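A.B. asks: File name input-v6.cif; file contents mmCIF, C-alpha atoms and all ligand atoms; full text below.
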data_protein
#
loop_
_atom_site.label_atom_id
_atom_site.label_comp_id
_atom_site.auth_asym_id
_atom_site.auth_seq_id
_atom_site.Cartn_x
_atom_site.Cartn_y
_atom_site.Cartn_z
CA MET F 1 5.00 30.38 4.75
CA PHE F 2 5.45 29.10 1.19
CA LYS F 3 2.52 26.70 1.76
CA GLN F 4 0.34 29.68 2.76
CA MET F 5 1.49 31.60 -0.33
CA GLU F 6 0.80 28.64 -2.61
CA SER F 7 -2.66 27.94 -1.19
CA THR F 8 -3.75 31.56 -1.77
CA GLY F 9 -1.97 31.91 -5.13
CA LEU F 10 0.18 34.75 -3.75
CA GLN F 11 2.96 35.87 -6.08
CA ASP F 12 5.38 37.59 -3.73
CA LEU F 13 5.81 38.77 -0.18
CA HIS F 14 8.14 41.59 0.91
CA PHE F 15 9.48 42.63 4.32
CA TRP F 16 11.09 45.88 5.44
CA GLN F 17 12.50 46.91 8.78
CA ASP F 18 14.06 50.24 9.62
CA SER F 19 15.51 50.64 13.13
CA THR F 20 15.74 54.43 12.81
CA THR F 21 11.98 54.95 12.47
CA GLY F 22 10.82 51.67 14.07
CA LEU F 23 9.12 50.61 10.84
CA GLN F 24 8.31 46.93 10.41
CA ALA F 25 6.18 46.47 7.32
CA ILE F 26 4.99 43.74 4.97
CA ILE F 27 3.74 44.05 1.40
CA ALA F 28 1.83 41.09 -0.03
CA ILE F 29 1.41 41.02 -3.81
CA HIS F 30 -1.22 38.54 -4.86
CA ASP F 31 -1.25 39.14 -8.58
CA THR F 32 0.25 41.51 -11.14
CA PHE F 33 -0.80 39.80 -14.39
CA ARG F 34 -3.76 42.16 -14.87
CA GLY F 35 -1.64 45.17 -13.86
CA PRO F 36 0.16 46.60 -10.82
CA ALA F 37 -1.11 45.36 -7.47
CA ILE F 38 -3.28 47.94 -5.72
CA GLY F 39 -4.63 47.87 -2.17
CA GLY F 40 -4.65 49.65 1.16
CA CYS F 41 -2.16 49.82 4.00
CA ARG F 42 -3.19 48.78 7.51
CA PHE F 43 -1.47 50.40 10.48
CA ILE F 44 -2.62 48.36 13.45
CA SER F 45 -1.23 46.21 16.29
CA TYR F 46 -0.79 42.49 15.72
CA PRO F 47 -0.28 39.80 18.36
CA ASP F 48 2.75 38.53 16.38
CA THR F 49 4.42 38.74 12.96
CA SER F 50 2.66 35.67 11.60
CA ALA F 51 -0.76 37.26 12.29
CA ALA F 52 0.38 40.32 10.32
CA ILE F 53 1.57 38.15 7.40
CA THR F 54 -1.71 36.19 7.35
CA ASP F 55 -3.73 39.42 7.33
CA ALA F 56 -1.69 40.88 4.44
CA ILE F 57 -1.95 37.69 2.35
CA ARG F 58 -5.71 37.23 2.91
CA LEU F 59 -6.47 40.86 2.11
CA ALA F 60 -4.22 40.93 -0.98
CA LYS F 61 -6.17 38.06 -2.54
CA GLY F 62 -9.46 39.89 -1.86
CA MET F 63 -8.09 42.94 -3.69
CA SER F 64 -7.24 40.83 -6.76
CA TYR F 65 -10.83 39.57 -6.86
CA LYS F 66 -12.22 43.08 -6.39
CA ALA F 67 -10.07 44.61 -9.15
CA ALA F 68 -10.78 41.72 -11.56
CA LEU F 69 -14.57 41.84 -11.17
CA ALA F 70 -14.53 45.64 -11.47
CA GLY F 71 -12.73 45.21 -14.81
CA LEU F 72 -9.76 47.28 -13.66
CA PRO F 73 -6.30 46.77 -15.17
CA TYR F 74 -4.85 46.11 -11.72
CA GLY F 75 -3.89 43.17 -9.59
CA GLY F 76 -4.34 42.84 -5.85
CA GLY F 77 -1.96 43.71 -3.06
CA LYS F 78 -2.09 44.80 0.54
CA SER F 79 0.39 46.10 3.06
CA VAL F 80 0.56 46.15 6.82
CA ILE F 81 2.65 48.29 9.08
CA ILE F 82 2.96 46.65 12.48
CA LYS F 83 2.07 49.42 14.93
CA PRO F 84 5.11 49.96 17.16
CA VAL F 85 4.60 50.14 20.93
CA LYS F 86 6.44 53.48 20.93
CA LEU F 87 6.41 55.76 17.91
CA SER F 88 8.83 58.68 17.73
CA SER F 89 7.68 60.20 14.41
CA ARG F 90 4.70 58.99 12.38
CA THR F 91 5.80 61.20 9.48
CA GLN F 92 9.30 59.65 9.37
CA LEU F 93 7.78 56.17 9.61
CA MET F 94 5.54 56.89 6.60
CA HIS F 95 8.49 58.36 4.65
CA SER F 96 10.36 55.11 5.25
CA PHE F 97 7.30 53.08 4.22
CA GLY F 98 7.17 55.16 1.03
CA ARG F 99 10.79 54.16 0.31
CA PHE F 100 9.81 50.51 0.79
CA ILE F 101 6.96 50.88 -1.75
CA ASP F 102 9.24 52.75 -4.15
CA SER F 103 11.83 49.95 -3.98
CA LEU F 104 9.26 47.69 -5.70
CA GLY F 105 9.29 49.97 -8.73
CA GLY F 106 5.51 50.28 -9.16
CA ARG F 107 4.53 46.65 -8.66
CA TYR F 108 2.45 47.80 -5.66
CA ILE F 109 0.34 50.97 -5.22
CA THR F 110 -0.87 51.77 -1.73
CA ALA F 111 -4.06 53.38 -0.39
CA MET F 112 -5.81 54.02 2.93
CA ASP F 113 -7.09 51.20 5.15
CA SER F 114 -7.71 50.58 8.86
CA GLY F 115 -5.45 52.81 10.92
CA THR F 116 -4.12 54.98 8.09
CA GLN F 117 -5.36 58.42 7.14
CA VAL F 118 -5.06 60.96 4.34
CA SER F 119 -2.09 62.70 6.01
CA ASP F 120 -0.21 59.35 6.04
CA MET F 121 -0.78 59.02 2.28
CA ASP F 122 0.56 62.56 1.84
CA ASP F 123 3.66 61.58 3.87
CA ILE F 124 4.12 58.39 1.83
CA ALA F 125 3.83 60.50 -1.35
CA ASN F 126 6.95 62.29 -0.15
CA SER F 127 8.97 59.16 -1.01
CA THR F 128 7.02 57.51 -3.82
CA ALA F 129 4.52 58.16 -6.61
CA TYR F 130 2.88 54.77 -6.04
CA VAL F 131 0.27 56.03 -3.61
CA THR F 132 -3.40 57.07 -3.80
CA CYS F 133 -5.94 58.58 -1.34
CA THR F 134 -3.80 61.69 -0.87
CA GLN F 135 -5.42 65.03 0.01
CA ALA F 136 -5.18 66.06 -3.62
CA MET F 137 -7.07 62.96 -4.82
CA GLY F 138 -9.96 63.13 -2.33
CA ASP F 139 -12.13 60.72 -0.33
CA PRO F 140 -13.23 57.48 -2.07
CA SER F 141 -16.24 56.94 0.27
CA PRO F 142 -18.82 58.81 -1.89
CA ALA F 143 -17.83 56.61 -4.86
CA THR F 144 -18.23 53.51 -2.69
CA ALA F 145 -21.70 54.73 -1.63
CA GLN F 146 -22.63 55.38 -5.28
CA GLY F 147 -21.57 51.82 -6.23
CA VAL F 148 -23.53 50.26 -3.37
CA PHE F 149 -26.60 52.31 -4.34
CA GLU F 150 -26.30 50.99 -7.92
CA GLY F 151 -25.88 47.47 -6.52
CA ILE F 152 -29.02 47.83 -4.41
CA LEU F 153 -30.98 48.93 -7.49
CA ALA F 154 -29.71 45.88 -9.43
CA SER F 155 -30.57 43.60 -6.49
CA ALA F 156 -34.11 45.02 -6.20
CA GLN F 157 -34.62 44.63 -9.95
CA PHE F 158 -33.52 41.00 -9.83
CA ARG F 159 -35.43 39.98 -6.71
CA PHE F 160 -38.53 42.19 -6.81
CA GLY F 161 -38.79 42.76 -10.58
CA SER F 162 -38.43 46.54 -10.17
CA ALA F 163 -35.53 48.85 -9.39
CA SER F 164 -37.84 51.34 -7.71
CA LEU F 165 -36.98 51.78 -4.05
CA ALA F 166 -40.23 53.62 -3.23
CA ASN F 167 -41.45 52.17 0.09
CA ILE F 168 -38.76 49.49 0.07
CA HIS F 169 -37.73 48.96 3.70
CA ILE F 170 -33.96 48.92 4.26
CA ALA F 171 -32.24 48.01 7.54
CA LEU F 172 -28.90 49.82 7.47
CA GLN F 173 -26.04 48.99 9.84
CA GLY F 174 -23.32 51.65 10.25
CA LEU F 175 -23.63 55.35 9.46
CA GLY F 176 -19.99 56.13 8.75
CA HIS F 177 -18.42 57.69 5.67
CA VAL F 178 -20.15 55.26 3.32
CA GLY F 179 -23.30 54.40 5.31
CA TYR F 180 -24.41 57.99 5.87
CA ALA F 181 -23.92 59.03 2.23
CA LEU F 182 -25.78 55.90 1.13
CA ALA F 183 -28.65 56.53 3.57
CA LYS F 184 -29.05 59.96 1.98
CA GLN F 185 -29.39 58.44 -1.52
CA LEU F 186 -31.74 55.68 -0.35
CA HIS F 187 -33.97 58.21 1.42
CA ALA F 188 -34.02 60.43 -1.68
CA ALA F 189 -35.06 57.37 -3.75
CA GLY F 190 -38.09 56.84 -1.50
CA ALA F 191 -36.81 53.96 0.66
CA ARG F 192 -37.97 53.58 4.27
CA LEU F 193 -34.97 53.29 6.59
CA THR F 194 -34.35 51.54 9.88
CA ILE F 195 -30.85 52.39 11.01
CA THR F 196 -28.34 51.59 13.71
CA ASP F 197 -24.89 52.69 14.80
CA ILE F 198 -22.93 52.53 18.03
CA ASP F 199 -22.53 56.32 17.73
CA ALA F 200 -25.71 57.84 19.20
CA ASP F 201 -25.10 61.26 17.57
CA LYS F 202 -25.04 59.77 14.06
CA VAL F 203 -28.23 57.83 14.81
CA ALA F 204 -30.00 60.97 16.08
CA GLN F 205 -28.89 62.92 13.00
CA ALA F 206 -30.08 60.20 10.59
CA VAL F 207 -33.44 59.87 12.36
CA LEU F 208 -33.99 63.59 11.85
CA GLU F 209 -32.58 63.92 8.34
CA PHE F 210 -34.05 60.75 6.81
CA ASN F 211 -37.14 60.26 8.95
CA ALA F 212 -35.57 56.90 9.85
CA SER F 213 -36.48 54.52 12.68
CA ALA F 214 -33.62 53.50 14.95
CA VAL F 215 -32.87 50.21 16.68
CA ALA F 216 -30.11 49.13 19.08
CA ALA F 217 -26.98 47.76 17.37
CA HIS F 218 -27.63 44.11 18.35
CA ASP F 219 -31.28 44.26 17.11
CA ILE F 220 -30.61 45.19 13.48
CA TYR F 221 -30.51 41.53 12.35
CA ASP F 222 -34.08 40.97 13.60
CA VAL F 223 -35.66 43.85 11.68
CA GLU F 224 -38.29 42.72 9.17
CA ALA F 225 -37.10 44.53 6.05
CA ASP F 226 -36.76 44.00 2.32
CA ILE F 227 -33.01 44.63 2.32
CA PHE F 228 -30.32 44.35 4.99
CA CYS F 229 -27.47 46.75 4.24
CA PRO F 230 -24.30 46.17 6.29
CA CYS F 231 -22.01 49.23 6.20
CA GLY F 232 -20.12 48.83 9.48
CA LEU F 233 -17.94 45.93 10.50
CA GLY F 234 -16.74 42.85 8.63
CA ALA F 235 -17.55 39.20 9.49
CA ILE F 236 -21.11 40.05 10.58
CA LEU F 237 -22.78 37.29 8.52
CA SER F 238 -22.45 34.18 10.69
CA SER F 239 -24.81 31.21 11.04
CA ASP F 240 -26.31 32.99 14.06
CA THR F 241 -27.00 36.35 12.38
CA ILE F 242 -28.07 34.80 9.04
CA GLY F 243 -30.57 32.66 10.97
CA ARG F 244 -32.09 35.84 12.39
CA LEU F 245 -32.36 37.82 9.12
CA LYS F 246 -35.90 38.54 7.89
CA CYS F 247 -35.04 40.09 4.53
CA ALA F 248 -34.89 39.09 0.85
CA ILE F 249 -31.56 40.79 0.00
CA VAL F 250 -28.23 41.51 1.73
CA ALA F 251 -26.38 44.33 -0.04
CA GLY F 252 -23.97 46.71 1.69
CA SER F 253 -20.49 48.20 1.71
CA ALA F 254 -18.76 46.36 4.56
CA ASN F 255 -15.64 44.41 3.60
CA ASN F 256 -15.41 40.67 4.32
CA GLN F 257 -19.05 40.37 5.38
CA LEU F 258 -19.07 36.56 5.45
CA ALA F 259 -17.63 35.23 8.73
CA ASP F 260 -16.42 32.29 6.59
CA PRO F 261 -16.99 31.37 2.93
CA GLN F 262 -19.68 28.76 3.76
CA GLN F 263 -22.01 31.51 4.95
CA GLY F 264 -22.59 32.47 1.30
CA ASP F 265 -24.21 29.06 0.77
CA LEU F 266 -26.27 29.46 3.91
CA LEU F 267 -27.68 32.74 2.56
CA TYR F 268 -28.48 30.93 -0.70
CA ARG F 269 -30.26 28.10 1.13
CA ARG F 270 -32.29 30.69 3.05
CA ASN F 271 -33.26 32.23 -0.32
CA ILE F 272 -31.60 35.54 0.58
CA LEU F 273 -29.99 37.22 -2.43
CA TYR F 274 -26.44 38.20 -1.44
CA ALA F 275 -24.49 40.94 -3.26
CA PRO F 276 -20.86 39.77 -2.87
CA ASP F 277 -19.08 42.48 -0.89
CA TYR F 278 -16.02 42.81 -3.10
CA LEU F 279 -18.22 43.42 -6.14
CA ILE F 280 -20.77 45.84 -4.69
CA ASN F 281 -18.23 47.90 -2.69
CA ALA F 282 -15.68 48.31 -5.51
CA GLY F 283 -16.60 51.98 -6.06
CA GLY F 284 -13.83 53.15 -3.72
CA LEU F 285 -11.21 51.04 -5.50
CA ILE F 286 -12.44 52.29 -8.88
CA PHE F 287 -12.14 55.84 -7.57
CA VAL F 288 -8.54 55.49 -6.32
CA ALA F 289 -7.37 53.48 -9.34
CA LEU F 290 -8.82 55.92 -11.89
CA LYS F 291 -7.70 58.97 -9.89
CA HIS F 292 -4.19 57.53 -9.85
CA ASN F 293 -4.43 57.26 -13.64
CA GLY F 294 -5.49 60.90 -13.85
CA GLN F 295 -9.05 60.20 -15.07
CA SER F 296 -11.92 62.64 -14.69
CA ASN F 297 -14.70 62.53 -12.08
CA SER F 298 -17.30 61.85 -14.77
CA ALA F 299 -15.26 58.87 -16.09
CA ILE F 300 -15.10 57.59 -12.51
CA ARG F 301 -18.86 57.97 -12.00
CA GLN F 302 -19.54 56.11 -15.24
CA LYS F 303 -17.25 53.25 -14.29
CA VAL F 304 -18.76 53.00 -10.79
CA ALA F 305 -22.27 52.89 -12.32
CA GLN F 306 -21.23 49.69 -14.16
CA ILE F 307 -21.45 47.85 -10.83
CA HIS F 308 -25.19 47.70 -11.60
CA THR F 309 -24.62 45.64 -14.77
CA SER F 310 -21.86 43.47 -13.27
CA LEU F 311 -24.08 42.52 -10.35
CA SER F 312 -27.11 41.82 -12.58
CA GLU F 313 -24.97 39.52 -14.75
CA LEU F 314 -23.63 37.74 -11.70
CA TYR F 315 -27.16 37.15 -10.36
CA GLN F 316 -28.27 35.68 -13.69
CA HIS F 317 -25.20 33.45 -13.85
CA ALA F 318 -25.70 32.18 -10.26
CA ASP F 319 -29.38 31.57 -10.98
CA ALA F 320 -28.58 29.58 -14.12
CA GLU F 321 -25.98 27.50 -12.27
CA GLN F 322 -28.20 27.10 -9.18
CA GLN F 323 -25.30 28.17 -7.00
CA SER F 324 -24.73 30.85 -4.41
CA THR F 325 -23.75 34.30 -5.67
CA SER F 326 -20.59 34.23 -3.51
CA THR F 327 -19.45 30.95 -5.12
CA ILE F 328 -20.05 32.30 -8.64
CA ALA F 329 -18.29 35.58 -7.83
CA ASP F 330 -15.21 33.69 -6.61
CA ILE F 331 -15.24 31.46 -9.72
CA ARG F 332 -15.56 34.46 -12.07
CA ALA F 333 -12.80 36.43 -10.33
CA GLU F 334 -10.47 33.43 -10.30
CA ALA F 335 -11.16 32.80 -14.02
CA LEU F 336 -10.30 36.41 -14.93
CA ILE F 337 -7.03 36.19 -13.00
CA GLN F 338 -6.15 32.83 -14.59
CA GLN F 339 -6.93 34.24 -18.06
CA ALA F 340 -4.45 37.07 -17.50
CA ARG F 341 -1.82 34.61 -16.19
CA LEU F 342 -2.30 32.39 -19.25
CA ALA F 343 -2.10 35.34 -21.65
CA ALA F 344 1.15 36.45 -19.98
CA SER F 345 2.68 32.98 -20.18
CA GLN F 346 1.71 32.66 -23.87
CA ALA F 347 3.27 36.04 -24.61
CA THR F 348 6.67 34.93 -23.24
P1 LIG R 1 -16.45 54.27 8.99
O1 LIG R 1 -15.48 53.86 10.05
O2 LIG R 1 -16.53 55.69 8.56
O3 LIG R 1 -17.94 53.85 9.44
C1 LIG R 1 -18.25 52.66 10.12
C2 LIG R 1 -19.47 52.97 10.95
O4 LIG R 1 -19.92 51.74 11.55
C3 LIG R 1 -19.18 53.94 12.08
O5 LIG R 1 -20.17 54.96 12.11
C4 LIG R 1 -19.24 53.07 13.34
O6 LIG R 1 -19.66 53.78 14.49
C5 LIG R 1 -20.24 52.03 12.90
N1 LIG R 1 -20.19 50.79 13.68
C6 LIG R 1 -19.10 50.18 14.19
N2 LIG R 1 -19.48 49.08 14.87
C7 LIG R 1 -20.82 49.00 14.75
C8 LIG R 1 -21.78 48.07 15.22
N3 LIG R 1 -21.45 47.00 15.96
N4 LIG R 1 -23.09 48.28 14.92
C9 LIG R 1 -23.44 49.36 14.18
N5 LIG R 1 -22.57 50.27 13.72
C10 LIG R 1 -21.28 50.08 13.99
O7 LIG R 1 -16.16 53.30 7.76
P2 LIG R 1 -16.59 53.51 6.25
O8 LIG R 1 -15.45 54.12 5.52
O9 LIG R 1 -17.94 54.11 6.19
O10 LIG R 1 -16.67 51.99 5.77
C11 LIG R 1 -17.75 51.17 6.17
C12 LIG R 1 -17.49 49.73 5.71
O11 LIG R 1 -17.34 49.71 4.29
C13 LIG R 1 -16.21 49.12 6.28
O12 LIG R 1 -16.39 47.73 6.44
C14 LIG R 1 -15.20 49.37 5.16
O13 LIG R 1 -14.14 48.42 5.21
C15 LIG R 1 -16.06 49.17 3.93
N6 LIG R 1 -15.55 49.86 2.75
C16 LIG R 1 -15.36 51.20 2.77
C17 LIG R 1 -14.89 51.85 1.63
C18 LIG R 1 -14.70 53.34 1.61
O14 LIG R 1 -14.53 53.90 0.51
N7 LIG R 1 -14.73 54.02 2.74
C19 LIG R 1 -14.61 51.11 0.47
C20 LIG R 1 -14.85 49.73 0.46
C21 LIG R 1 -15.33 49.11 1.62
#
Now, as a test, write the supplied structure out as structure tokens.
C.D. replies:
Amino acid sequence: MFKQMESTGLQDLHFWQDSTTGLQAIIAIHDTFRGPAIGGCRFISYPDTSAAITDAIRLAKGMSYKAALAGLPYGGGKSVIIKPVKLSSRTQLMHSFGRFIDSLGGRYITAMDSGTQVSDMDDIANSTAYVTCTQAMGDPSPATAQGVFEGILASAQFRFGSASLANIHIALQGLGHVGYALAKQLHAAGARLTITDIDADKVAQAVLEFNASAVAAHDIYDVEADIFCPCGLGAILSSDTIGRLKCAIVAGSANNQLADPQQGDLLYRRNILYAPDYLINAGGLIFVALKHNGQSNSAIRQKVAQIHTSLSELYQHADAEQQSTSTIADIRAEALIQQARLAASQAT
């Protein structure tokens, strides 16, 4: 386990078990040198404990990168609650999880992720103040959609020489909380949409509302479009799907889009401009972090809009270095984290 922690640069790993509620939870803190570790809580089944630990560690590192590139004074963390086979009270389980978070004294702030919902965050808030995404704070998805929209404008400017989306053809995968709100903005900006989702009702609604064309879920990679916009599942960019893409840009909200890190280089070799997921989809994190700090909606919108500039700078940097955008994003995030670590060690 220590080898795994060392290879990912993880700072600390915490475990909690509570026989009364059936809670078995893990909190992975990747980095706190830029500020408290922030990141969502997963509540899903795992084949075994080591799979849960691996998930928490991998995701915590991603959160550090996301917070660093968004210029937030936060580090990265992630938690997992191993879904029990039998659950007597979800509320009690979340209260206990809140006590676990509170025991870390603010080193980790939780948020929603796969399997958790707003009511869970409200329950966790019963035991700790180190929680976001509560009912009172609101849904981060519109902020994520705003950030991805800004990122698409920056990508179009860099690749096509104009940020106008009039008649730009966008193939959009996934019409969920983020995808649907984004489709609305893209349509309003004059883009032509081809959409897909496994939910036929959402597809029918988008076809009507946005005058979009629809394709079956497995056909979205073959659509001849200017931009492919993945807003559904993670790990969808594999050598197979990248080989099928007929677009100039990939820019969307989905987390962990690259099936493995090498796929970023494959996109580069295919001359497809890739907006690194953890940079373009940081709007939701910006929303929860700034809400937790009590900042206003207009301050949040302004900060989310900066994704445009961050992405433009990253594209220029990658172009100058003749490297893939995913490689440069990793290097930049790692450098920011190391800078904070160095500053902390010099201060002691
Ligand atoms: P969501 O669950 O509301 O929407 C996902 C949509 O994708 C659903 O409509 C689902 O039916 C569809 N889908 C699932 N499998 C599909 C497939 N094979 N083909 C086509 N469509 C498929 O999720 P969301 O909150 O909109 O998030 C979308 C993505 O963005 C996720 O990867 C999420 O991790 C990421 N993300 C979301 C936020 C946020 O603020 N919600 C922030 C950062 C990243």
A.B. asks: Kindly indicate which residue among F:Leu273, F:Ala183, F:Leu153, F:Leu13 lies nearest to ligand LIG 1 (chain R), using only C-alpha atoms and all ligand atoms for the distances.
C.D. replies: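 Looking at the shortest contact to ligand LIG 1 (chain R), the residue is F:Ala183.
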A.B. asks: Write out as JSON, numbers by chain which residues come within 8 Å of stretch 123-138 of chain F when counting only C-alpha atoms, dropping same-chain ones fewer than 2 positions away.
C.D. replies: {"F": [91, 94, 95, 96, 97, 98, 99, 101, 102, 106, 108, 109, 110, 111, 112, 118, 119, 120, 121, 140, 288, 289, 291, 292]}
A.B. asks: I want to know what sits within 10 Å of F:Leu165, based on all atoms listed in the file, with residues of the same chain fewer than 6 positions away left out; could you give that as a ChimeraX atom specification?
C.D. replies: /F:152-153,156-157,186-192
A.B. asks: With the cut-off set at 6 Å and counting only C-alpha atoms and all ligand atoms, tabulate each residue of chain F with an atom at most that distance from an atom of ligand LIG 1 (chain R), showing the nearest atom pair and its distance in Å to one decimal, ordered by chain and increasing number, as a Markdown table.
C.D. replies:
| residue | atom | partner | partner_atom | distance |
| --- | --- | --- | --- | --- |
| F:Pro140 | CA | R:LIG1 | O14 | 4.6 |
| F:Ser141 | CA | R:LIG1 | O14 | 3.5 |
| F:Thr144 | CA | R:LIG1 | O14 | 4.9 |
| F:Gln173 | CA | R:LIG1 | C9 | 5.1 |
| F:Gly174 | CA | R:LIG1 | O4 | 3.6 |
| F:Leu175 | CA | R:LIG1 | O5 | 4.4 |
| F:Gly176 | CA | R:LIG1 | O3 | 3.1 |
| F:His177 | CA | R:LIG1 | O9 | 3.6 |
| F:Val178 | CA | R:LIG1 | O9 | 3.8 |
| F:Gly179 | CA | R:LIG1 | O9 | 5.4 |
| F:Thr196 | CA | R:LIG1 | C9 | 5.4 |
| F:Asp197 | CA | R:LIG1 | N5 | 3.5 |
| F:Ile198 | CA | R:LIG1 | N5 | 4.9 |
| F:Asp199 | CA | R:LIG1 | O6 | 5.0 |
| F:Ala217 | CA | R:LIG1 | N4 | 4.6 |
| F:Cys231 | CA | R:LIG1 | C12 | 4.6 |
| F:Gly232 | CA | R:LIG1 | O4 | 3.6 |
| F:Leu233 | CA | R:LIG1 | O12 | 4.7 |
| F:Gly234 | CA | R:LIG1 | O12 | 5.4 |
| F:Ser253 | CA | R:LIG1 | O11 | 4.3 |
| F:Ala254 | CA | R:LIG1 | O12 | 3.3 |
| F:Asn255 | CA | R:LIG1 | O12 | 4.4 |
| F:Asn281 | CA | R:LIG1 | C20 | 5.0 |
| F:Gly284 | CA | R:LIG1 | O14 | 4.4 |
A.B. asks: Counting all atoms listed in the file, note down every residue that has an atom within 8 Å of the point (-25.9, 62.1, 7.3) (file coordinates), as a PyMOL selection string.
C.D. replies: chain F and resi 175+180-181+183-184+202+205-206+209
A.B. asks: Can you patch up stretch 160-166 of chain F, filling it in to all heavy atoms, and show the result as a short mmCIF file (atom, residue, chain, number, x, y, z; two decimals), in the coordinates of the input?
C.D. replies:
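Output saved as rebuild18.cif:
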data_model
loop_
_atom_site.label_atom_id
_atom_site.label_comp_id
_atom_site.auth_asym_id
_atom_site.auth_seq_id
_atom_site.Cartn_x
_atom_site.Cartn_y
_atom_site.Cartn_z
N PHE F 160 -37.13 41.72 -6.89
CA PHE F 160 -38.53 42.19 -6.81
C PHE F 160 -39.13 42.52 -8.18
O PHE F 160 -40.29 42.90 -8.28
CB PHE F 160 -38.62 43.45 -5.92
CG PHE F 160 -38.02 43.28 -4.55
CD1 PHE F 160 -37.18 44.26 -4.00
CD2 PHE F 160 -38.27 42.15 -3.79
CE1 PHE F 160 -36.62 44.11 -2.74
CE2 PHE F 160 -37.72 41.98 -2.52
CZ PHE F 160 -36.88 42.96 -2.00
N GLY F 161 -38.29 42.46 -9.24
CA GLY F 161 -38.79 42.76 -10.58
C GLY F 161 -38.91 44.25 -10.86
O GLY F 161 -39.44 44.65 -11.89
N SER F 162 -38.40 45.09 -9.95
CA SER F 162 -38.43 46.54 -10.17
C SER F 162 -37.28 47.18 -9.41
O SER F 162 -36.99 46.79 -8.27
CB SER F 162 -39.74 47.13 -9.66
OG SER F 162 -39.60 48.53 -9.50
N ALA F 163 -36.64 48.15 -10.06
CA ALA F 163 -35.53 48.85 -9.39
C ALA F 163 -36.02 50.05 -8.59
O ALA F 163 -35.21 50.79 -8.04
CB ALA F 163 -34.51 49.30 -10.44
N SER F 164 -37.34 50.21 -8.51
CA SER F 164 -37.84 51.34 -7.71
C SER F 164 -37.67 51.02 -6.23
O SER F 164 -38.01 49.92 -5.76
CB SER F 164 -39.32 51.56 -8.02
OG SER F 164 -39.85 52.42 -7.03
N LEU F 165 -37.16 52.00 -5.48
CA LEU F 165 -36.98 51.78 -4.05
C LEU F 165 -38.11 52.44 -3.24
O LEU F 165 -38.05 52.48 -2.01
CB LEU F 165 -35.62 52.33 -3.59
CG LEU F 165 -34.38 51.65 -4.20
CD1 LEU F 165 -33.11 52.23 -3.61
CD2 LEU F 165 -34.41 50.14 -3.99
N ALA F 166 -39.12 52.96 -3.94
CA ALA F 166 -40.23 53.62 -3.23
C ALA F 166 -40.86 52.62 -2.26
O ALA F 166 -41.26 51.52 -2.67
CB ALA F 166 -41.25 54.12 -4.24
#
